[in-house]
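Engineer: This is start22.txt, which holds compact mmCIF, C-alpha atoms:
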# COMPACT_ATOMS: atom_id res chain seq x y z
CA MET R 50 6.18 39.90 11.28
CA ILE R 51 8.72 37.17 12.02
CA ILE R 52 10.71 37.58 15.20
CA THR R 53 13.90 35.65 15.89
CA GLU R 54 15.42 34.96 19.29
CA GLN R 55 18.58 36.77 18.25
CA GLN R 56 16.58 39.92 17.48
CA VAL R 57 15.05 39.82 20.96
CA TRP R 58 18.49 39.45 22.56
CA ASP R 59 19.69 42.44 20.49
CA TRP R 60 16.72 44.55 21.58
CA LEU R 61 17.36 43.69 25.23
CA THR R 62 20.71 45.53 25.06
CA ASP R 63 18.60 48.72 25.14
CA VAL R 64 17.02 47.80 28.50
CA LYS R 65 19.09 49.44 31.25
CA ASP R 66 19.28 48.83 34.97
CA PRO R 67 17.32 51.83 36.33
CA GLU R 68 19.68 52.20 39.31
CA VAL R 69 22.91 51.74 37.33
CA PRO R 70 21.98 53.03 33.86
CA ALA R 71 25.51 52.34 32.57
CA LEU R 72 24.58 48.65 32.48
CA SER R 73 22.11 46.81 30.31
CA ILE R 74 20.25 43.87 31.80
CA LEU R 75 22.42 41.62 29.61
CA ASP R 76 25.59 43.14 31.12
CA LEU R 77 24.12 42.38 34.55
CA GLY R 78 23.56 38.77 33.58
CA ILE R 79 19.96 38.59 34.80
CA VAL R 80 18.32 37.35 31.57
CA ARG R 81 18.14 33.56 31.81
CA ARG R 82 16.05 32.65 28.76
CA VAL R 83 14.33 34.02 25.68
CA VAL R 84 11.69 31.87 23.99
CA VAL R 85 9.92 33.01 20.82
CA GLU R 86 6.74 31.31 19.62
CA GLU R 87 5.29 33.03 16.55
CA ASP R 88 4.33 36.50 17.84
CA LYS R 89 4.74 35.57 21.52
CA VAL R 90 7.93 36.25 23.46
CA ALA R 91 8.64 34.75 26.88
CA ILE R 92 11.59 36.13 28.84
CA THR R 93 12.87 34.71 32.12
CA ILE R 94 14.86 36.98 34.41
CA THR R 95 16.41 36.36 37.81
CA PRO R 96 16.42 38.99 40.57
CA THR R 97 19.75 40.38 41.78
CA TYR R 98 18.50 40.73 45.38
CA SER R 99 15.12 39.45 46.70
CA GLY R 100 13.81 42.91 47.50
CA CYS R 101 15.46 44.90 44.72
CA PRO R 102 12.88 47.52 43.68
CA ALA R 103 14.54 47.77 40.24
CA MET R 104 13.12 44.37 39.26
CA ASP R 105 9.57 45.66 38.76
CA VAL R 106 10.88 48.58 36.71
CA ILE R 107 13.02 46.21 34.63
CA SER R 108 9.98 44.01 33.84
CA ILE R 109 8.11 47.08 32.60
CA SER R 110 11.15 48.32 30.64
CA ILE R 111 11.40 44.95 28.86
CA ARG R 112 7.75 45.19 27.77
CA MET R 113 8.23 48.80 26.62
CA ALA R 114 11.39 47.96 24.66
CA LEU R 115 9.70 45.06 22.88
CA ALA R 116 6.53 47.08 22.29
CA GLY R 117 8.76 49.62 20.55
CA HIS R 118 9.63 46.86 18.06
CA GLY R 119 5.98 45.94 17.57
CA VAL R 120 5.95 42.95 19.94
CA LYS R 121 2.86 43.19 22.14
CA ASN R 122 2.57 39.65 23.47
CA VAL R 123 5.33 39.51 26.08
CA ALA R 124 5.54 37.39 29.22
CA VAL R 125 8.24 38.17 31.79
CA ASP R 126 8.80 35.45 34.38
CA MET R 127 10.93 35.55 37.51
CA GLN R 128 13.20 32.61 38.36
CA LEU R 129 14.95 32.43 41.75
CA SER R 130 17.09 29.33 41.27
CA PRO R 131 19.94 29.14 40.46
CA ALA R 132 20.45 32.33 42.46
CA TRP R 133 21.97 35.26 40.57
CA THR R 134 25.66 35.90 41.15
CA THR R 135 27.92 38.74 40.09
CA ASP R 136 29.96 36.04 38.31
CA TRP R 137 27.30 36.32 35.57
CA MET R 138 28.11 39.97 34.92
CA THR R 139 29.86 40.35 31.55
CA GLU R 140 33.45 41.61 31.27
CA ASP R 141 32.11 44.45 29.14
CA GLY R 142 29.65 45.26 31.93
CA LYS R 143 32.47 45.42 34.49
CA ARG R 144 34.40 47.81 32.24
CA LYS R 145 31.32 50.06 31.86
CA LEU R 146 30.80 50.05 35.64
CA LYS R 147 34.35 51.23 36.25
CA GLU R 148 33.97 54.01 33.65
CA TYR R 149 30.76 55.03 35.43
CA GLY R 150 32.77 55.42 38.68
CA ILE R 151 31.71 52.20 40.44
CA ALA R 152 34.33 49.60 41.39
CA PRO R 153 33.20 46.36 39.69
CA PRO R 154 32.93 42.94 41.38
CA ASN R 155 36.20 41.47 40.22
CA ARG R 156 36.76 38.38 42.27
CA LYS R 157 34.75 35.16 42.12
CA ALA R 158 31.68 35.43 44.33
CA PHE R 159 31.42 33.14 47.32
CA SER R 160 29.45 33.45 50.53
CA SER R 161 31.84 33.65 53.43
CA LEU R 162 31.16 34.31 57.10
CA GLY R 163 34.60 35.78 57.66
CA LEU R 164 34.32 38.80 59.95
CA PHE R 165 36.02 42.17 59.69
CA GLU R 166 37.60 41.16 56.41
CA GLU R 167 37.90 43.70 53.65
CA GLU R 168 38.35 42.97 50.02
CA GLY R 169 41.20 44.68 48.24
CA ILE R 170 39.15 46.96 46.02
CA THR R 171 40.81 49.13 43.39
CA CYS R 172 39.73 52.78 43.22
CA PRO R 173 37.78 53.25 39.98
CA ARG R 174 39.13 56.81 39.57
CA CYS R 175 42.88 56.58 40.23
CA ASP R 176 43.44 52.78 40.27
CA SER R 177 45.04 52.94 43.71
CA GLU R 178 44.90 49.78 45.81
CA ASP R 179 44.99 51.88 48.99
CA THR R 180 41.26 51.93 49.70
CA GLU R 181 39.12 51.23 52.75
CA LEU R 182 35.62 50.02 53.51
CA VAL R 183 33.31 52.72 54.91
CA SER R 184 30.11 50.70 55.09
CA ARG R 185 29.03 47.19 54.06
CA TYR R 186 25.79 48.74 52.80
CA GLY R 187 25.24 51.54 50.32
CA PRO R 188 22.48 53.39 48.46
CA THR R 189 21.26 50.18 46.78
CA SER R 190 21.31 46.52 47.87
CA CYS R 191 24.08 45.67 45.43
CA LYS R 192 26.66 48.25 46.56
CA ALA R 193 29.00 48.96 49.50
CA LEU R 194 30.72 52.27 50.31
CA TYR R 195 34.49 52.70 50.09
CA LYS R 196 36.95 55.55 50.12
CA CYS R 197 40.28 55.94 48.36
CA ASN R 198 43.21 56.94 50.56
CA SER R 199 45.23 58.13 47.55
CA CYS R 200 42.85 60.45 45.68
CA LYS R 201 40.65 60.90 48.78
CA GLU R 202 37.47 60.33 46.80
CA PRO R 203 34.60 58.21 48.15
CA PHE R 204 33.28 55.58 45.76
CA GLU R 205 30.80 52.74 45.50
CA HIS R 206 31.72 49.09 45.04
CA PHE R 207 29.36 46.68 43.32
CA LYS R 208 29.58 43.83 45.86
CA CYS R 209 30.59 40.33 44.91
CA HIS R 210 27.41 38.36 45.50
CA MET L 122 -0.12 21.97 56.91
CA LYS L 123 1.97 23.59 54.21
CA LEU L 124 0.02 26.86 54.27
CA PRO L 125 0.71 27.64 57.96
CA TYR L 126 4.32 26.57 57.44
CA VAL L 127 4.87 28.96 54.54
CA LEU L 128 3.03 31.74 56.41
CA ARG L 129 5.28 31.19 59.41
CA LEU L 130 8.39 31.75 57.25
CA ALA L 131 6.78 34.73 55.50
CA ASP L 132 5.58 36.35 58.74
CA ASP L 133 9.05 36.18 60.31
CA ALA L 134 10.41 38.01 57.27
CA LEU L 135 7.67 40.66 57.12
CA ILE L 136 7.58 41.44 60.83
CA LEU L 137 11.36 41.67 61.17
CA SER L 138 11.47 43.85 58.06
CA GLN L 139 8.86 46.23 59.48
CA ARG L 140 10.84 46.49 62.74
CA LEU L 141 14.03 47.32 60.86
CA GLY L 142 12.13 49.86 58.78
CA GLU L 143 11.32 51.71 62.02
CA TRP L 144 14.99 52.67 62.19
CA THR L 145 14.69 54.70 58.97
CA GLY L 146 15.88 58.19 59.79
CA HIS L 147 16.82 57.18 63.35
CA GLY L 148 20.06 55.21 62.93
CA PRO L 149 23.07 56.32 65.03
CA ILE L 150 24.91 57.28 61.84
CA LEU L 151 23.75 57.47 58.24
CA GLU L 152 25.66 54.36 57.08
CA GLN L 153 24.06 52.15 59.75
CA ASP L 154 20.63 53.64 59.12
CA ILE L 155 21.12 52.57 55.49
CA ALA L 156 22.43 49.15 56.55
CA LEU L 157 19.24 48.30 58.44
CA THR L 158 16.94 49.51 55.70
CA ASN L 159 18.95 47.52 53.14
CA ALA L 160 18.55 44.40 55.27
CA ALA L 161 14.83 45.22 55.66
CA LEU L 162 14.54 45.27 51.88
CA ASP L 163 16.06 41.78 51.65
CA HIS L 164 13.58 40.52 54.24
CA ILE L 165 10.61 42.11 52.50
CA GLY L 166 11.74 40.56 49.21
CA ARG L 167 11.77 37.13 50.86
CA ALA L 168 8.38 37.86 52.46
CA ARG L 169 6.91 38.69 49.04
CA SER L 170 8.14 35.45 47.45
CA LEU L 171 6.74 33.45 50.38
CA TYR L 172 3.37 35.28 50.48
CA GLN L 173 2.96 34.75 46.73
CA TYR L 174 3.48 31.04 47.33
CA ALA L 175 1.13 31.07 50.36
CA ALA L 176 -1.54 32.81 48.26
CA ASP L 177 -1.22 30.09 45.57
CA LEU L 178 -1.56 27.39 48.25
CA PHE L 179 -4.59 29.16 49.75
CA ASN L 180 -6.31 29.70 46.41
CA SER L 181 -6.12 26.00 45.60
CA LEU L 182 -7.92 24.99 48.84
CA PRO L 183 -11.57 23.83 48.69
CA GLN L 184 -14.04 26.66 49.39
CA ASP L 185 -15.12 25.44 52.86
CA GLU L 186 -11.49 25.30 54.05
CA LYS L 187 -10.83 28.78 52.65
CA SER L 188 -13.62 30.34 54.69
CA LYS L 189 -12.28 28.68 57.87
CA ALA L 190 -8.62 29.58 57.37
CA PHE L 191 -8.59 33.16 58.75
CA THR L 192 -10.87 35.10 61.10
CA SER L 193 -10.44 38.50 59.45
CA VAL L 194 -13.76 39.83 58.10
CA ALA L 195 -11.94 41.73 55.36
CA LEU L 196 -10.32 38.49 54.12
CA GLN L 197 -13.59 36.56 54.41
CA GLN L 198 -15.33 39.12 52.23
CA ILE L 199 -12.74 38.60 49.49
CA VAL L 200 -13.03 34.83 49.82
CA SER L 201 -16.84 34.86 49.61
CA SER L 202 -16.68 37.14 46.56
CA GLY L 203 -14.79 34.33 44.84
CA ALA L 204 -11.71 36.48 44.13
CA PRO L 205 -8.28 34.89 44.68
CA LEU L 206 -6.21 36.18 47.62
CA THR L 207 -3.00 38.05 46.84
CA GLU L 208 0.30 38.48 48.70
CA ASP L 209 -0.87 41.94 49.83
CA ASN L 210 -4.14 40.57 51.23
CA LEU L 211 -2.19 38.14 53.41
CA ALA L 212 0.12 40.86 54.72
CA TYR L 213 -2.37 43.69 55.23
CA LEU L 214 -5.70 42.06 56.05
CA ARG L 215 -4.89 39.17 58.40
CA ASP L 216 -5.58 39.61 62.11
CA GLY L 217 -2.79 39.35 64.69
CA TRP L 218 -3.69 35.85 65.93
CA ASP L 219 -3.35 34.52 62.37
CA PHE L 220 0.29 35.67 62.24
CA ARG L 221 2.75 32.85 62.95
CA ASN L 222 6.06 34.69 63.36
CA VAL L 223 8.19 33.94 66.39
CA LEU L 224 7.97 36.43 69.29
CA LEU L 225 11.62 37.30 68.77
CA ALA L 226 10.87 38.86 65.37
CA GLU L 227 8.26 41.25 66.80
CA ARG L 228 10.39 42.39 69.77
CA ALA L 229 10.56 46.17 69.87
CA ASN L 230 13.78 47.88 68.78
CA ILE L 231 14.29 49.52 72.22
CA ASP L 232 17.83 50.72 71.46
CA TRP L 233 20.76 49.90 69.17
CA ALA L 234 22.10 47.08 71.36
CA TYR L 235 18.70 45.37 71.57
CA THR L 236 18.27 45.72 67.82
CA VAL L 237 21.70 44.19 67.21
CA ALA L 238 21.01 41.34 69.69
CA ARG L 239 17.65 40.45 68.11
CA ASN L 240 19.08 40.60 64.60
CA PHE L 241 22.12 38.54 65.55
CA PHE L 242 20.02 35.72 67.06
CA LEU L 243 17.64 35.73 64.08
CA ASP L 244 20.33 36.10 61.40
CA ALA L 245 22.24 33.13 62.84
CA PHE L 246 19.01 31.11 62.91
CA HIS L 247 18.13 32.04 59.31
CA TYR L 248 21.64 31.22 58.14
CA PHE L 249 21.57 27.62 59.39
CA TYR L 250 17.85 27.15 58.72
CA PHE L 251 18.04 28.21 55.05
CA THR L 252 21.22 26.20 54.54
CA ALA L 253 19.12 23.14 55.44
CA LEU L 254 15.91 24.30 53.70
CA VAL L 255 17.74 24.45 50.35
CA LYS L 256 17.80 20.64 50.48
CA CYS L 257 14.02 20.19 51.00
CA SER L 258 11.92 18.54 48.30
CA ASP L 259 9.62 21.53 47.70
CA THR L 260 11.21 23.29 44.73
CA THR L 261 9.62 26.71 45.44
CA LEU L 262 10.82 26.79 49.06
CA SER L 263 14.22 25.44 48.08
CA ALA L 264 14.66 28.23 45.50
CA ILE L 265 13.58 30.94 47.98
CA ALA L 266 16.00 29.51 50.57
CA GLU L 267 18.85 29.43 48.04
CA LYS L 268 18.24 33.06 47.10
CA SER L 269 17.85 34.24 50.72
CA LEU L 270 20.86 32.38 52.04
CA LYS L 271 23.29 34.68 50.23
CA GLU L 272 21.57 37.75 51.66
CA VAL L 273 21.29 36.32 55.18
CA THR L 274 25.00 35.44 55.17
CA TYR L 275 25.73 39.13 54.70
CA HIS L 276 23.28 40.09 57.47
CA LEU L 277 24.95 37.66 59.87
CA LYS L 278 28.36 39.14 59.17
CA TRP L 279 27.02 42.59 59.90
CA SER L 280 25.23 41.69 63.15
CA SER L 281 28.12 39.48 64.39
CA GLU L 282 30.54 42.37 63.86
CA TRP L 283 28.32 44.71 65.83
CA VAL L 284 27.98 42.26 68.75
CA ILE L 285 31.78 42.06 68.91
CA ARG L 286 32.29 45.79 68.43
CA LEU L 287 29.91 46.71 71.25
CA GLY L 288 30.76 43.80 73.55
CA ASP L 289 34.49 44.29 73.22
CA GLY L 290 34.19 48.08 73.19
CA THR L 291 33.87 50.55 76.06
CA ASP L 292 32.55 49.68 79.53
CA GLU L 293 29.26 51.31 78.65
CA SER L 294 28.82 49.58 75.29
CA HIS L 295 29.79 46.26 76.92
CA SER L 296 27.20 46.53 79.67
CA LYS L 297 24.47 47.65 77.26
CA MET L 298 25.23 44.78 74.87
CA GLN L 299 25.27 42.25 77.74
CA GLU L 300 21.93 43.53 78.98
CA ALA L 301 20.41 43.28 75.50
CA ILE L 302 21.72 39.71 75.05
CA ASP L 303 20.39 38.65 78.48
CA GLU L 304 16.97 40.25 77.99
CA THR L 305 16.55 38.90 74.45
CA TRP L 306 17.75 35.39 75.29
CA PRO L 307 14.39 34.08 76.67
CA TYR L 308 12.87 34.71 73.22
CA THR L 309 15.32 32.42 71.39
CA GLY L 310 13.96 29.10 72.67
CA GLU L 311 10.84 29.32 70.53
CA LEU L 312 12.94 29.15 67.36
CA PHE L 313 13.76 25.53 68.15
CA GLN L 314 10.44 24.32 69.61
CA PRO L 315 8.65 22.75 66.64
CA SER L 316 4.99 23.52 65.98
CA ASP L 317 2.68 20.81 64.60
CA TYR L 318 3.05 22.13 61.07
CA GLU L 319 6.85 22.27 61.25
CA THR L 320 6.97 18.65 62.39
CA ALA L 321 4.54 17.70 59.60
CA MET L 322 6.63 19.51 56.98
CA GLN L 323 9.79 17.83 58.22
CA GLN L 324 8.09 14.51 57.36
CA GLU L 325 6.45 15.66 54.15
CA ILE L 326 9.07 17.77 52.37
CA GLY L 327 12.22 17.28 54.44
CA ALA L 328 12.02 20.71 56.12
CA PRO L 329 14.93 21.38 58.51
CA GLY L 330 15.02 19.52 61.83
CA LEU L 331 15.15 22.15 64.58
CA ASP L 332 17.41 20.15 66.91
CA ALA L 333 20.14 20.03 64.28
CA VAL L 334 19.73 23.74 63.53
CA ARG L 335 19.91 24.49 67.25
CA SER L 336 23.26 22.80 67.76
CA GLN L 337 24.79 24.76 64.87
CA TRP L 338 23.18 27.97 66.10
CA ILE L 339 24.41 27.59 69.67
CA GLU L 340 27.94 26.91 68.49
CA ARG L 341 27.96 30.08 66.41
CA VAL L 342 26.36 32.18 69.16
CA ASN L 343 28.89 30.92 71.72
CA ALA L 344 31.81 31.70 69.43
CA ILE L 345 30.69 35.27 68.71
CA LEU L 346 29.71 36.10 72.31
CA THR L 347 33.05 34.75 73.55
CA GLU L 348 34.90 36.83 70.96
CA ALA L 349 32.85 39.82 72.14
CA THR L 350 33.89 39.17 75.79
CA LEU L 351 30.21 38.69 76.66
CA ASN L 352 28.70 36.02 78.91
CA VAL L 353 26.61 33.36 77.23
CA PRO L 354 23.26 33.34 79.07
CA LYS L 355 22.45 30.26 81.13
CA GLU L 356 19.46 28.09 80.36
CA ALA L 357 16.35 30.09 81.16
CA TRP L 358 12.60 29.91 80.98
CA MET L 359 11.65 30.53 77.36
CA HIS L 360 8.68 32.46 75.97
CA ARG L 361 6.62 30.82 73.26
CA GLY L 362 3.32 31.22 71.42
CA GLY L 363 4.08 33.14 68.23
CA LYS L 364 4.06 30.05 66.03
CA GLU L 365 0.53 29.31 67.26
CA GLY L 366 -0.67 32.90 66.91
CA ILE L 367 -0.34 33.95 70.56
CA HIS L 368 1.59 37.20 70.39
CA SER L 369 2.88 39.98 72.57
CA GLU L 370 1.12 43.33 72.80
CA GLU L 371 3.90 44.80 70.65
CA LEU L 372 2.67 43.02 67.51
CA GLY L 373 -0.74 44.68 67.78
CA TYR L 374 0.72 48.18 67.66
CA MET L 375 2.89 47.27 64.70
CA LEU L 376 0.01 45.75 62.71
CA ALA L 377 -2.24 48.70 63.54
CA GLU L 378 0.27 51.00 61.91
CA MET L 379 1.25 48.69 59.03
CA GLN L 380 -2.27 47.65 58.06
CA TYR L 381 -4.06 50.96 58.65
CA MET L 382 -4.04 52.21 55.08
CA GLN L 383 -5.27 49.00 53.43
CA ARG L 384 -7.91 48.46 56.10
CA THR L 385 -9.21 52.03 55.78
CA TYR L 386 -8.88 52.39 52.00
CA PRO L 387 -9.07 48.80 50.65
CA GLY L 388 -7.04 48.21 47.51
CA MET L 389 -5.43 51.65 47.66
CA GLU L 390 -2.32 52.10 45.52
CA TRP L 391 0.43 54.69 45.75
Can you turn what I pasted into structure tokens?

Structural biologist:
Amino acid sequence: MIITEQQVWDWLTDVKDPEVPALSILDLGIVRRVVVEEDKVAITITPTYSGCPAMDVISISIRMALAGHGVKNVAVDMQLSPAWTTDWMTEDGKRKLKEYGIAPPNRKAFSSLGLFEEEGITCPRCDSEDTELVSRYGPTSCKALYKCNSCKEPFEHFKCH
Amino acid sequence: MKLPYVLRLADDALILSQRLGEWTGHGPILEQDIALTNAALDHIGRARSLYQYAADLFNSLPQDEKSKAFTSVALQQIVSSGAPLTEDNLAYLRDGWDFRNVLLAERANIDWAYTVARNFFLDAFHYFYFTALVKCSDTTLSAIAEKSLKEVTYHLKWSSEWVIRLGDGTDESHSKMQEAIDETWPYTGELFQPSDYETAMQQEIGAPGLDAVRSQWIERVNAILTEATLNVPKEAWMHRGGKEGIHSEELGYMLAEMQYMQRTYPGMEW
């Protein structure tokens, strides 16, 4: 069997983020490299957050997805630098996030120490700009909690990081 | 000298993470309970990266140095069997005096104000320390610092906001926050007193100079405490010892709980 790099990239679209299953790992922008050598495939991924428990699951899911296409010899490596940023999320991924009910990271990520500042986040349900931060932290490392003052619904925001 | 240095960074992360984990289910409101456990997860992620690196460094030592490195019988048994040490071995099987975290990281939670004070002092330290560590010549440590810096920046925002909110809040919250700052202050000096291995690593790999980090740290701390209408503590006698393995009683209780399962059922998995 001859495997091409492009095939591997195509197969990786089936590997979803276990915590946000609307997104593939390609949408997330965490796959740095795919190297194919005969029947061996080496994939380098970068963690979203240092302690994100989804990373172990994602490594296993990659092996399972490739095994489903008959590729048994798979190495998944973790690379910390350059550090992952939400700027690497695809536009298609941001659209899927919004459809899933999570406000996507829309501005350019930068690390600021500004206190008590709130980003203007658009409600993913009613598109109102009248929203407010409830908590800087949410159910997973990558999300913060907001509420919409127009439709009154709470929602999650995928933080710019 | 690199092994104790990496362990020192890893131990700070693990011990602080375990302390924050103690708040699980006990936070004043659900969102803040979640905030601390999220931060704990970032710290444990950093601890894992550092322990993996420390295990690599340990496993490449000559055999006679390996058997002298730690006193723990459980670790010595693994070493004499010829098996390589793992990140988990270093976290769960080392004895207290082989931990090199600063005393500040192991300070008990006590109450919300004390937790905020400890986190604020440590977050500010990590922020300036990792900013400098990114520039060191060790590519593994530089990458870990680069990754952690983004997370620590977020932690520092959170803890700074809480210092201000409580300090500049009600009379009661103000006095509790001032007490926590004053009582925690004598544990901050150790952050900036270099151990032998920190000085050696400054020479060898360009690790951060603690004097430079201190001046940035003090500027930030002054600014936030002033904003919070709190008094900046005067110079005081400072505790030390953690970097050399001399710890408070509090660490023993924490390790007893954290290491119990792996000590009793070695190699157990969930």

Engineer: Between CA of Ser316 in chain L and CA of Ala253 in chain L, what is the distance, to one decimal in Å?

Structural biologist: 17.6 Å

Engineer: May I ask you to extract the residues of chain R within 8 Å of chain L, using all atoms listed in the file, and to give them as a PyMOL selection string?

Structural biologist: chain R and resi 98-101+129-133+160-165+184-190+210

Engineer: Tell me which of R:Asp59, R:Asp126, R:Glu87, R:Glu168 sits closest to Glu181 in chain R, counting all atoms listed in the file.

Structural biologist: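 Ranking R:Asp59, R:Asp126, R:Glu87, R:Glu168 by distance to Glu181 in chain R, first place goes to R:Glu168.
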
Engineer: Kindly list the centre and edge lengths in Å, rounded to one decimal, for the axis-aligned box that covers all listed atoms of range 375-391 of chain L plus 3 Å on each of its six sides, as AutoDock Vina command-line options.

Structural biologist:
--center_x -3.2 --center_y 50.2 --center_z 55.1 --size_x 18.1 --size_y 14.9 --size_z 25.2

Engineer: Need to verify the contact set: range 294-306 of chain L, 10 Å, only C-alpha atoms, exclusion of same-chain residues closer than 5 positions in sequence. Can you return it as a PyMOL selection string?

Structural biologist: chain L and resi 225+228+231-239+241-242+283-289+346+349-360

Engineer: Measure the distance from CA of Asn198 in chain R to CA of Arg174 in chain R in Å and round it to one decimal.

Structural biologist: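 Spanning CA of Asn198 in chain R to CA of Arg174 in chain R is a straight-line distance of 11.7 Å.
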
Engineer: Quote the spacing between CA of Ser188 in chain L and CA of Leu206 in chain L in Å to one decimal place.

Structural biologist: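 Straight-line distance from CA of Ser188 in chain L to CA of Leu206 in chain L works out to 11.8 Å.
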
Engineer: Which residue out of R:Leu61, R:Leu182, R:Ala71, R:Val120 has the minimum interatomic distance to Ile151 in chain R when only C-alpha atoms are used?

Structural biologist: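 Nearest to Ile151 in chain R: R:Ala71.
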
Engineer: Within 12 Å of Ala116 in chain R, counting all atoms listed in the file, which residues qualify if same-chain residues fewer than 4 places away don't, as an NGL selection string?

Structural biologist: :R and (57 or 60-61 or 88-90 or 109-112 or 120-124)

Engineer: Which residue is closest to Phe159 in chain R? Choose from R:Thr180, R:Thr134, R:Thr95, R:Thr139 and count all atoms listed in the file.

Structural biologist: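 For Phe159 in chain R, the nearest of the given residues is R:Thr134.
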
Engineer: Residues at most 9 Å from Phe249 in chain L, counting only C-alpha atoms, excluding those fewer than 5 positions away in the same chain, as a list of chain:residue names?

Structural biologist: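 Once the nearby chain positions are removed, what remains is L:Asp244, L:Leu254, L:Leu270, L:Val334, L:Arg335, L:Gln337, L:Trp338.
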
Engineer: Just the residues within 12 Å of Met138 in chain R, please, counting all atoms listed in the file, with nothing from its chain fewer than 5 positions along; format it as a PyMOL selection string.

Structural biologist: chain R and resi 72-80+97+133+143-146+153-158+207-210

Engineer: Any idea what's packed within 12 Å of Leu376 in chain L, counting all atoms listed in the file, ignoring anything in its chain fewer than 4 positions away? Could you give it as a list in words?

Structural biologist: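 Near neighbours after the sequence-gap exclusion: Asp132, Leu135, Ile136, Gln139, Arg140, Ala212, Tyr213, Leu214, Arg215, Asp216, Gly217, Trp218, Asp219, Phe220, Glu227, His368, Ser369, Glu370, Glu371, Leu372, Gln380, Tyr381, Met382, Gln383 and Arg384 of chain L.
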